[in-house]
$ cat my_file_6.txt   # compact mmCIF, C-alpha atoms
# COMPACT_ATOMS: atom_id res chain seq x y z
CA MET J 1 -20.16 16.21 17.87
CA ASN J 2 -22.41 13.78 19.72
CA PRO J 3 -20.69 10.41 19.35
CA THR J 4 -22.43 7.25 20.48
CA THR J 5 -20.89 4.85 22.96
CA ILE J 6 -19.98 2.52 20.09
CA GLN J 7 -18.24 5.36 18.22
CA LEU J 8 -16.24 6.33 21.32
CA ILE J 9 -15.20 2.72 21.89
CA ALA J 10 -14.29 2.41 18.19
CA ALA J 11 -12.15 5.58 18.38
CA ALA J 12 -10.36 4.21 21.45
CA LEU J 13 -9.77 0.87 19.72
CA PHE J 14 -8.53 2.70 16.63
CA ALA J 15 -6.01 4.57 18.78
CA LEU J 16 -4.97 1.30 20.43
CA ALA J 17 -4.50 -0.27 16.99
CA ILE J 18 -2.21 2.60 15.95
CA ILE J 19 -0.18 2.24 19.16
CA HIS J 20 -0.07 -1.52 18.60
CA THR J 21 1.27 -0.95 15.07
CA PHE J 22 4.26 0.90 16.53
CA SER J 23 4.73 -1.67 19.32
CA THR J 24 5.11 -4.96 17.46
CA LYS J 25 8.70 -5.38 18.70
CA PHE J 26 7.31 -5.53 22.26
CA PHE J 27 5.23 -8.60 21.37
CA GLU J 28 8.20 -10.25 19.66
CA HIS J 29 10.17 -9.64 22.87
CA LEU J 30 7.38 -11.30 24.87
CA ALA J 31 7.52 -14.29 22.53
CA HIS J 32 11.16 -14.85 23.47
CA ARG J 33 10.54 -14.30 27.18
CA GLN J 34 7.46 -16.55 27.33
CA PRO J 35 8.09 -19.41 24.90
CA GLN J 36 5.06 -21.33 26.20
CA HIS J 37 2.85 -18.58 24.71
CA ALA J 38 5.13 -17.68 21.81
CA GLY J 39 2.45 -18.46 19.23
CA ILE J 40 -0.01 -15.78 20.36
CA TRP J 41 2.76 -13.20 20.91
CA HIS J 42 4.18 -13.84 17.42
CA LEU J 43 0.65 -13.45 16.03
CA LEU J 44 0.16 -10.12 17.78
CA GLY J 45 3.62 -9.08 16.61
CA GLU J 46 2.53 -9.29 12.96
CA VAL J 47 1.69 -5.77 11.73
CA GLU J 48 -0.75 -7.22 9.20
CA VAL J 49 -2.80 -8.77 12.03
CA VAL J 50 -3.13 -5.60 14.13
CA PHE J 51 -6.18 -3.90 12.63
CA GLY J 52 -7.97 -7.17 11.99
CA PHE J 53 -7.50 -8.10 15.66
CA TRP J 54 -8.86 -4.80 17.02
CA ALA J 55 -11.69 -4.85 14.48
CA MET J 56 -12.66 -8.24 15.88
CA VAL J 57 -12.66 -6.72 19.39
CA LEU J 58 -15.00 -3.95 18.13
CA ILE J 59 -17.42 -6.44 16.58
CA LEU J 60 -17.43 -8.52 19.78
CA PHE J 61 -18.19 -5.35 21.76
CA ILE J 62 -21.08 -4.44 19.45
CA PHE J 63 -22.34 -8.02 19.76
CA ALA J 64 -22.19 -7.88 23.57
CA ALA J 65 -23.75 -4.42 23.81
CA ASN J 66 -26.41 -4.51 21.08
CA GLY J 67 -26.76 -8.13 20.04
CA LYS J 68 -25.99 -10.28 17.01
CA HIS J 69 -28.25 -8.39 14.61
CA GLU J 70 -26.47 -5.04 15.14
CA ALA J 71 -23.03 -6.60 14.81
CA ILE J 72 -23.90 -8.40 11.57
CA THR J 73 -25.73 -5.37 10.19
CA TYR J 74 -22.67 -3.20 10.74
CA LEU J 75 -20.35 -5.74 9.11
CA GLU J 76 -22.63 -6.07 6.10
CA SER J 77 -22.77 -2.28 5.74
CA ARG J 78 -19.00 -2.17 5.15
CA ASP J 79 -17.56 -2.36 1.63
CA PHE J 80 -14.79 -4.98 1.48
CA THR J 81 -14.19 -4.62 -2.26
CA GLU J 82 -10.78 -2.99 -1.78
CA PRO J 83 -9.33 -5.70 0.54
CA MET J 84 -10.61 -8.39 -1.84
CA PHE J 85 -9.17 -6.60 -4.86
CA VAL J 86 -5.78 -6.10 -3.21
CA PHE J 87 -5.68 -9.81 -2.33
CA VAL J 88 -6.41 -10.87 -5.91
CA ILE J 89 -4.11 -8.34 -7.59
CA MET J 90 -1.25 -9.24 -5.23
CA VAL J 91 -1.48 -12.94 -6.08
CA ILE J 92 -1.63 -12.39 -9.84
CA ALA J 93 1.03 -9.63 -9.91
CA GLY J 94 3.31 -11.85 -7.85
CA THR J 95 3.33 -14.78 -10.28
CA ARG J 96 6.51 -15.77 -12.08
CA PRO J 97 5.29 -14.92 -15.62
CA ILE J 98 4.27 -11.37 -14.60
CA LEU J 99 7.50 -10.83 -12.69
CA ASP J 100 9.52 -12.18 -15.62
CA PHE J 101 7.77 -9.77 -17.96
CA ALA J 102 8.27 -6.82 -15.60
CA ALA J 103 11.92 -7.71 -15.02
CA ALA J 104 12.53 -7.97 -18.76
CA SER J 105 10.91 -4.56 -19.29
CA VAL J 106 13.00 -2.96 -16.55
CA ARG J 107 16.22 -4.59 -17.80
CA GLY J 108 15.48 -3.40 -21.33
CA ALA J 109 14.99 0.17 -20.12
CA ALA J 110 18.05 -0.07 -17.82
CA ILE J 111 20.34 -0.79 -20.77
CA VAL J 112 19.50 2.61 -22.24
CA LEU J 113 20.49 4.58 -19.11
CA PRO J 114 24.12 5.80 -18.94
CA VAL J 115 24.97 3.91 -15.70
CA ASN J 116 25.65 0.27 -14.84
CA THR J 117 22.65 -2.00 -15.23
CA GLY J 118 22.18 -2.78 -11.52
CA THR J 119 22.01 0.88 -10.52
CA ALA J 120 19.75 1.65 -13.47
CA MET J 121 17.37 -1.17 -12.48
CA TYR J 122 17.22 0.16 -8.92
CA PHE J 123 16.32 3.63 -10.19
CA LEU J 124 13.64 2.26 -12.52
CA LEU J 125 12.07 0.10 -9.78
CA LEU J 126 11.61 3.26 -7.72
CA ALA J 127 10.57 5.52 -10.62
CA PHE J 128 9.12 3.64 -13.60
CA VAL J 129 7.19 0.95 -11.66
CA PRO J 130 5.40 3.42 -9.31
CA LEU J 131 4.31 5.47 -12.34
CA LEU J 132 3.21 2.24 -14.02
CA GLY J 133 0.87 1.92 -11.05
CA SER J 134 -1.35 4.57 -12.65
CA PHE J 135 -2.30 1.98 -15.24
CA ILE J 136 -2.00 -1.43 -13.53
CA THR J 137 -3.16 -0.06 -10.11
CA GLU J 138 -1.03 0.82 -7.11
CA PRO J 139 -1.34 -2.58 -5.35
CA ALA J 140 -0.04 -4.34 -8.47
CA ALA J 141 2.84 -1.86 -8.83
CA MET J 142 3.75 -2.25 -5.15
CA THR J 143 3.74 -6.02 -5.44
CA LEU J 144 5.91 -6.01 -8.56
CA ALA J 145 8.44 -3.50 -7.22
CA ALA J 146 8.67 -5.14 -3.78
CA LEU J 147 9.11 -8.65 -5.16
CA MET J 148 11.78 -7.54 -7.63
CA LEU J 149 13.63 -5.57 -4.93
CA ARG J 150 13.42 -8.55 -2.58
CA ASP J 151 14.90 -10.91 -5.14
CA THR J 152 17.66 -8.54 -6.34
CA LEU J 153 18.99 -5.80 -4.07
CA PHE J 154 17.54 -7.05 -0.77
CA SER J 155 18.90 -10.55 -1.33
CA LYS J 156 22.45 -9.13 -1.11
CA GLU J 157 24.41 -7.90 1.90
CA VAL J 158 23.41 -4.23 1.93
CA SER J 159 23.22 -1.69 4.75
CA THR J 160 20.11 -1.20 6.85
CA ARG J 161 20.19 2.50 5.91
CA LEU J 162 19.85 1.60 2.24
CA LYS J 163 16.97 -0.80 2.97
CA TYR J 164 14.98 1.77 4.95
CA ALA J 165 15.71 4.56 2.46
CA THR J 166 14.51 2.29 -0.34
CA VAL J 167 11.28 1.35 1.42
CA GLY J 168 10.60 4.99 2.35
CA VAL J 169 10.97 6.17 -1.25
CA LEU J 170 9.06 3.16 -2.60
CA PHE J 171 6.04 3.75 -0.34
CA VAL J 172 5.91 7.49 -1.08
CA ASN J 173 6.39 7.02 -4.83
CA ILE J 174 3.72 4.31 -5.03
CA SER J 175 1.27 6.60 -3.19
CA ILE J 176 1.76 9.53 -5.57
CA GLY J 177 2.63 7.50 -8.68
CA GLY J 178 -0.94 6.34 -9.12
CA THR J 179 -2.36 9.84 -9.60
CA LEU J 180 -1.84 10.08 -13.35
CA THR J 181 -5.21 8.38 -13.90
CA PRO J 182 -8.54 8.43 -11.98
CA PHE J 183 -8.78 4.66 -11.42
CA ALA J 184 -5.49 3.41 -9.96
CA ALA J 185 -4.96 5.11 -6.58
CA PRO J 186 -7.49 4.19 -3.83
CA PRO J 187 -7.86 7.78 -2.50
CA VAL J 188 -8.52 9.04 -6.03
CA LEU J 189 -10.94 6.21 -6.77
CA MET J 190 -13.07 7.26 -3.82
CA VAL J 191 -13.82 10.69 -5.30
CA ALA J 192 -13.11 10.68 -9.05
CA GLY J 193 -16.59 9.56 -10.11
CA LYS J 194 -18.52 11.92 -7.84
CA TRP J 195 -16.32 14.91 -8.58
CA ASN J 196 -16.09 14.16 -12.33
CA TRP J 197 -12.30 13.93 -12.43
CA ASP J 198 -11.26 12.36 -15.74
CA ILE J 199 -7.81 11.29 -16.93
CA TRP J 200 -7.07 14.73 -18.48
CA PHE J 201 -7.89 16.46 -15.20
CA MET J 202 -5.68 14.02 -13.27
CA MET J 203 -2.77 14.41 -15.65
CA THR J 204 -2.84 18.21 -15.65
CA THR J 205 -3.67 18.74 -11.97
CA PHE J 206 -1.79 15.94 -10.22
CA GLY J 207 0.00 13.73 -12.72
CA TRP J 208 2.90 15.86 -13.96
CA LYS J 209 3.71 17.07 -10.44
CA ALA J 210 3.60 13.53 -9.07
CA ALA J 211 5.78 12.23 -11.92
CA LEU J 212 8.36 14.93 -11.25
CA ALA J 213 8.44 14.13 -7.52
CA VAL J 214 8.72 10.38 -8.22
CA VAL J 215 11.73 10.89 -10.50
CA VAL J 216 13.42 13.33 -8.08
CA ASN J 217 12.92 10.93 -5.14
CA ALA J 218 14.24 7.95 -7.07
CA PHE J 219 17.21 9.88 -8.41
CA ALA J 220 18.07 11.29 -4.97
CA VAL J 221 18.18 7.91 -3.21
CA THR J 222 20.06 6.35 -6.13
CA TRP J 223 22.66 9.14 -6.04
CA LEU J 224 22.93 9.03 -2.24
CA PHE J 225 23.73 5.30 -2.24
CA ARG J 226 25.46 5.17 -5.63
CA HIS J 227 28.70 3.65 -4.25
CA GLU J 228 26.91 0.86 -2.39
CA LEU J 229 24.61 0.19 -5.34
CA GLY J 230 27.57 0.08 -7.72
CA HIS J 231 29.29 -2.49 -5.54
CA VAL J 232 26.18 -4.66 -5.23
CA SER J 233 25.25 -4.48 -8.89
CA GLN J 234 28.53 -6.08 -9.96
CA LYS J 235 27.34 -9.33 -8.38
CA ASP J 236 23.74 -8.92 -9.42
CA THR J 237 22.50 -11.54 -11.81
CA VAL J 238 18.88 -11.93 -12.82
CA ALA J 239 17.98 -15.10 -14.64
CA ALA J 240 16.43 -14.68 -18.03
CA SER J 241 12.78 -15.65 -18.32
CA GLN J 242 12.07 -19.26 -19.25
CA THR J 243 8.30 -18.71 -19.38
CA PRO J 244 6.75 -19.18 -22.84
CA LEU J 245 5.34 -16.00 -24.34
CA PRO J 246 1.73 -17.36 -24.60
CA VAL J 247 1.70 -18.09 -20.85
CA VAL J 248 3.00 -14.57 -20.11
CA LEU J 249 0.34 -13.03 -22.37
CA ILE J 250 -2.43 -15.04 -20.69
CA HIS J 251 -1.28 -13.80 -17.29
CA ILE J 252 -1.28 -10.22 -18.57
CA VAL J 253 -4.84 -10.73 -19.83
CA PHE J 254 -5.90 -12.01 -16.40
CA LEU J 255 -4.27 -8.98 -14.77
CA ALA J 256 -5.98 -6.59 -17.20
CA LEU J 257 -9.38 -8.20 -16.58
CA ILE J 258 -8.96 -7.91 -12.81
CA VAL J 259 -8.11 -4.20 -13.18
CA LEU J 260 -11.05 -3.69 -15.56
CA PHE J 261 -13.52 -5.18 -13.06
CA ALA J 262 -11.83 -3.74 -9.96
CA HIS J 263 -15.13 -2.38 -8.59
CA HIS J 264 -17.09 -5.60 -9.12
CA PRO J 265 -16.00 -8.34 -6.67
CA ALA J 266 -18.38 -10.92 -8.09
CA ALA J 267 -16.66 -10.52 -11.47
CA PHE J 268 -13.02 -10.29 -10.40
CA MET J 269 -13.34 -13.12 -7.87
CA GLY J 270 -14.78 -15.35 -10.60
CA ILE J 271 -11.89 -14.42 -12.90
CA PHE J 272 -9.46 -15.10 -10.06
CA LEU J 273 -10.85 -18.60 -9.48
CA PHE J 274 -10.41 -19.33 -13.18
CA PHE J 275 -6.86 -17.97 -12.90
CA LEU J 276 -6.13 -20.39 -10.05
CA GLY J 277 -7.27 -23.23 -12.27
CA PHE J 278 -4.95 -22.05 -15.05
CA THR J 279 -1.96 -21.89 -12.71
CA ALA J 280 -2.71 -25.41 -11.47
CA ALA J 281 -2.77 -26.65 -15.07
CA TYR J 282 0.64 -25.08 -15.82
CA GLN J 283 2.47 -25.44 -12.52
CA GLN J 284 5.82 -25.85 -14.29
CA TYR J 285 5.76 -22.13 -15.11
CA GLN J 286 4.84 -20.97 -11.60
CA ASN J 287 6.55 -20.24 -8.33
CA PRO J 288 4.44 -20.83 -5.20
CA LEU J 289 1.62 -18.27 -5.19
CA ILE J 290 1.93 -15.61 -2.47
CA LEU J 291 -1.45 -16.54 -0.96
CA ARG J 292 -0.38 -16.20 2.68
CA GLU J 293 1.08 -12.72 2.23
CA ALA J 294 -1.94 -11.57 0.22
CA LEU J 295 -4.42 -12.95 2.77
CA LEU J 296 -2.62 -11.19 5.62
CA VAL J 297 -2.74 -7.90 3.73
CA ALA J 298 -6.45 -8.37 2.95
CA PHE J 299 -7.08 -9.11 6.65
CA PHE J 300 -5.23 -5.91 7.57
CA LEU J 301 -7.26 -3.80 5.14
CA GLY J 302 -10.51 -5.49 6.16
CA GLY J 303 -9.81 -4.55 9.76
CA LEU J 304 -9.10 -0.99 8.66
CA VAL J 305 -12.47 -0.87 6.87
CA VAL J 306 -14.30 -2.09 9.99
CA LEU J 307 -12.55 0.26 12.43
CA GLY J 308 -12.42 3.19 10.01
CA GLY J 309 -16.18 3.07 9.47
CA GLN J 310 -16.71 4.41 12.98
CA GLN J 311 -14.28 7.35 12.75
CA GLN J 312 -16.37 9.72 10.61
CA TRP J 313 -17.75 11.58 13.65
CA TRP J 314 -14.39 13.18 14.45
CA LEU J 315 -12.57 13.08 11.10
CA GLN J 316 -15.17 14.92 9.03
CA PRO J 317 -15.61 17.97 11.34
CA LEU J 318 -11.85 18.19 11.66
CA LEU J 319 -11.46 18.43 7.89
CA LEU J 320 -14.29 20.92 7.44
CA GLU J 321 -12.72 23.45 9.81
CA MET J 322 -9.70 23.85 7.51
CA ASP J 323 -9.02 26.00 4.44
CA ASP J 324 -7.32 24.47 1.39
CA THR J 325 -3.77 25.01 2.74
CA ALA J 326 -4.64 23.66 6.16
CA VAL J 327 -6.51 20.70 4.68
CA PHE J 328 -3.48 19.75 2.57
CA PHE J 329 -1.15 19.58 5.57
CA GLY J 330 -3.89 18.24 7.81
CA ALA J 331 -4.66 15.43 5.38
CA THR J 332 -0.94 14.67 5.04
CA ALA J 333 -0.65 14.32 8.82
CA LEU J 334 -3.95 12.45 9.30
CA THR J 335 -3.04 10.00 6.55
CA ALA J 336 -0.21 8.74 8.75
CA VAL J 337 -2.76 7.45 11.27
CA THR J 338 -5.60 6.42 8.99
CA ASP J 339 -5.96 5.08 5.46
CA ASN J 340 -5.80 7.93 2.92
CA ALA J 341 -8.77 6.53 1.00
CA ALA J 342 -10.89 6.90 4.15
CA LEU J 343 -10.02 10.61 4.29
CA THR J 344 -10.99 11.32 0.70
CA TYR J 345 -14.12 9.18 1.05
CA LEU J 346 -15.26 11.33 3.98
CA GLY J 347 -14.56 14.41 1.90
CA SER J 348 -16.73 13.04 -0.91
CA LEU J 349 -19.69 12.91 1.49
CA VAL J 350 -19.60 16.67 2.06
CA GLU J 351 -21.52 18.91 -0.35
CA GLY J 352 -20.46 22.37 -1.49
CA LEU J 353 -16.69 21.99 -1.26
CA SER J 354 -14.60 24.30 -3.43
CA GLU J 355 -12.43 22.86 -6.18
CA GLU J 356 -9.33 24.09 -4.33
CA PHE J 357 -10.41 22.23 -1.18
CA LYS J 358 -11.02 19.00 -3.11
CA ILE J 359 -7.62 19.16 -4.83
CA ALA J 360 -5.85 19.97 -1.57
CA LEU J 361 -7.58 17.09 0.25
CA VAL J 362 -6.57 14.48 -2.34
CA ALA J 363 -3.07 15.92 -2.76
CA GLY J 364 -2.52 15.83 1.00
CA ALA J 365 -3.90 12.29 1.26
CA VAL J 366 -1.51 10.90 -1.36
CA THR J 367 1.42 12.98 -0.08
CA GLY J 368 1.29 11.33 3.34
CA GLY J 369 0.66 7.87 1.90
CA GLY J 370 4.19 6.61 2.54
CA LEU J 371 4.65 7.68 6.14
CA THR J 372 3.25 4.55 7.81
CA VAL J 373 2.18 1.06 6.86
CA ILE J 374 -1.51 2.00 7.35
CA ALA J 375 -1.37 5.23 5.34
CA ASN J 376 -2.03 3.72 1.89
CA ALA J 377 -3.74 0.47 0.92
CA PRO J 378 -0.77 -1.01 -1.03
CA ASN J 379 1.70 -0.42 1.83
CA PRO J 380 0.86 -3.61 3.75
CA ALA J 381 1.62 -5.55 0.56
CA GLY J 382 5.12 -4.09 0.29
CA PHE J 383 5.60 -4.53 4.03
CA ALA J 384 4.63 -8.20 3.92
CA ILE J 385 6.94 -8.94 0.98
CA LEU J 386 10.03 -7.06 2.23
CA LYS J 387 9.94 -7.43 6.01
CA GLY J 388 11.78 -10.77 5.96
CA LYS J 389 14.89 -9.01 4.63
CA PHE J 390 15.13 -6.70 7.66
CA HIS J 391 16.60 -7.24 11.10
CA GLU J 392 14.27 -9.33 13.29
CA GLN J 393 12.11 -10.02 10.23
CA SER J 394 10.25 -6.72 10.55
CA ILE J 395 10.28 -3.14 9.27
CA HIS J 396 10.21 -0.85 12.30
CA PRO J 397 7.39 1.74 11.96
CA LEU J 398 9.58 4.56 13.29
CA GLY J 399 12.34 3.66 10.82
CA LEU J 400 9.82 3.77 7.97
CA LEU J 401 8.47 7.14 9.15
CA ILE J 402 11.95 8.70 9.28
CA ALA J 403 12.93 7.25 5.90
CA ALA J 404 9.72 8.49 4.27
CA LEU J 405 10.03 12.08 5.50
CA PRO J 406 12.54 13.35 2.85
CA PRO J 407 10.59 12.03 -0.18
CA THR J 408 7.39 13.30 1.45
CA LEU J 409 8.95 16.77 1.69
CA VAL J 410 9.83 16.63 -2.02
CA THR J 411 6.20 15.71 -2.74
CA ILE J 412 4.93 18.63 -0.63
CA ILE J 413 7.09 20.99 -2.68
CA ALA J 414 5.82 19.47 -5.94
CA PHE J 415 2.14 19.82 -5.01
CA ARG J 416 2.21 23.14 -3.12
CA VAL J 417 4.98 25.17 -4.75
CA LEU J 418 4.89 24.19 -8.44
$ encode --input "my_file_6.txt" --output "structure tokens"
Amino acid sequence: MNPTTIQLIAAALFALAIIHTFSTKFFEHLAHRQPQHAGIWHLLGEVEVVFGFWAMVLILFIFAANGKHEAITYLESRDFTEPMFVFVIMVIAGTRPILDFAAASVRGAAIVLPVNTGTAMYFLLLAFVPLLGSFITEPAAMTLAALMLRDTLFSKEVSTRLKYATVGVLFVNISIGGTLTPFAAPPVLMVAGKWNWDIWFMMTTFGWKAALAVVVNAFAVTWLFRHELGHVSQKDTVAASQTPLPVVLIHIVFLALIVLFAHHPAAFMGIFLFFLGFTAAYQQYQNPLILREALLVAFFLGGLVVLGGQQQWWLQPLLLEMDDTAVFFGATALTAVTDNAALTYLGSLVEGLSEEFKIALVAGAVTGGGLTVIANAPNPAGFAILKGKFHEQSIHPLGLLIAALPPTLVTIIAFRVL
């Protein structure tokens, strides 16, 4: 390894960004101690701002060291399709007609299960919706599940243990629930085309194992908190949809078109602008669009793209020194400190990998996708939506890590033992 000065600085900034992610409470404490500067401390205390902030520092360093041309050239060499797509899919998936349709589907399925409706809905939000992410994309599934949890269970007086357990299972299940198809999970998207992984390959190699782990994780947390869920569900009331069916269908068409053109920002951004016009024309059927939350998440992912682009010099050699077993556990661990799509993308650049190595790399990347907020692209979306329901308006990174460990262990067993 012969890293350049820029790469070394970028690696140091990446490490600082990770430390910053786990230190947001410190900045919130500073905001209370120094009210005259509370604005900047609150800003730095937002997890979604962290990677964007340190990415900006990197670009300013490149500008100072090598000039404007180098800084702009590097920025333009990055692919920001994923942050843009997550922004658009979050806004559309978070609209009232889509949520009404999803809620109606979940309620309909909940009636069939042999438990009270509130508990059944909780189970389905952690099992059915993550698996649905294989078809509507993981960011859309995360947005739907998080918004419905926020407006039902998390709007009640429930224990902090239940909240963290729920978020831990949700993040892990979303990460693995998108592996039934080759187009829904970001780490799979990065390699499916080059490695010729079609839907049959995904279903038989990853899909059935992931589905089993998702159901086991959802059932386990539902059973563990069954008494608290039973108590809450007695007071749970979800208003029936008042949105006309044609409006719901039009929103579903918009969502489907965005998913169809997920790799073409010029197309999906044009569709999104038309969607904004439609929502303005029929405001009576809309809640306020979640533009702020979606923009913060896109800023987070954009920062990850900028910083992550300079980490190949140490990540790739690290991966290549491992066999398929080591790469599975190595990818699971590395995913906690870098986006899992970045890991699989680096793997796709290497020629001559065995099929076992490829499968282990992707399986490890999705297995660790729930451990931290930066591990999987949809996680910042769920974080942004649910954090207001936690103490001090934030989900503590260490709490998330601990809560995600049991469902991650179940996933390891599913992928490595079965």
$ residues_around --input "my_file_6.txt" --residues "Phe415 in chain J" --least-positions-apart "3" --cutoff "9 Å" --atoms "all atoms listed in the file" --output "ChimeraX atom specification"
/J:206,209-210,213,360,363-364,367,410-412,418
$ residues_around --input "my_file_6.txt" --residues "range 356-358 of chain J" --least-positions-apart "4" --cutoff "8 Å" --atoms "only C-alpha atoms" --output "list in words"
Asp323, Asp324, Val327, Gly347 and Val362 of chain J
$ closest_atom_pairs --input "my_file_6.txt" --of "range 293-403 of chain J" --to "range 189-204 of chain J" --cutoff "10 Å" --atoms "all atoms listed in the file" --output "tab-separated table"
residue	atom	partner	partner_atom	distance
J:Asn340	CA	J:Met190	CA	9.9
J:Ala341	CA	J:Met190	CA	6.5
J:Ala342	CA	J:Met190	CA	8.3
J:Leu343	CA	J:Met190	CA	9.3
J:Thr344	CA	J:Met190	CA	6.4
J:Tyr345	CA	J:Met190	CA	5.3
J:Leu346	CA	J:Met190	CA	9.1
J:Gly347	CA	J:Val191	CA	8.1
J:Ser348	CA	J:Val191	CA	5.8
J:Leu349	CA	J:Val191	CA	9.2
J:Glu355	CA	J:Trp195	CA	9.2
J:Lys358	CA	J:Trp195	CA	8.6
J:Val362	CA	J:Val191	CA	8.7
$ residues_around --input "my_file_6.txt" --residues "range 47-55 of chain J" --least-positions-apart "4" --cutoff "7 Å" --atoms "all atoms listed in the file" --output "MDAnalysis selection string"
chainID J and resid 13 17 20:21 24 59 296:297 299:300 302:304 306:307 380
$ atom_distance --input "my_file_6.txt" --atom1 "CA of Ile89 in chain J" --atom2 "CA of Phe390 in chain J"
24.6 Å
$ closest_residue --input "my_file_6.txt" --among "J:Asn116, J:Thr222, J:Thr408, J:Asn379" --to "Ile174 in chain J" --atoms "all atoms listed in the file"
J:Asn379
$ closest_residue --input "my_file_6.txt" --among "J:Leu301, J:Ser354, J:Pro407, J:Ala38" --to "Leu126 in chain J" --atoms "all atoms listed in the file"
J:Pro407
$ closest_residue --input "my_file_6.txt" --among "J:Pro187, J:Ala262, J:Arg161, J:Ala414" --to "Thr338 in chain J" --atoms "all atoms listed in the file"
J:Pro187
$ residues_around --input "my_file_6.txt" --residues "Gly330 in chain J" --least-positions-apart "6" --cutoff "9 Å" --atoms "only C-alpha atoms" --output "ChimeraX atom specification"
/J:318-319,322,361,364-365
$ residues_around --input "my_file_6.txt" --residues "Trp41 in chain J" --least-positions-apart "4" --cutoff "12 Å" --atoms "only C-alpha atoms" --output "list in words"
Ser23, Thr24, Lys25, Phe26, Phe27, Glu28, His29, Leu30, Ala31, His32, Arg33, Gln34, Pro35, Gln36, His37, Gly45, Glu46, Val47, Val49 and Val50 of chain J
$ atom_distance --input "my_file_6.txt" --atom1 "CA of Met56 in chain J" --atom2 "CA of Ile9 in chain J"
12.8 Å
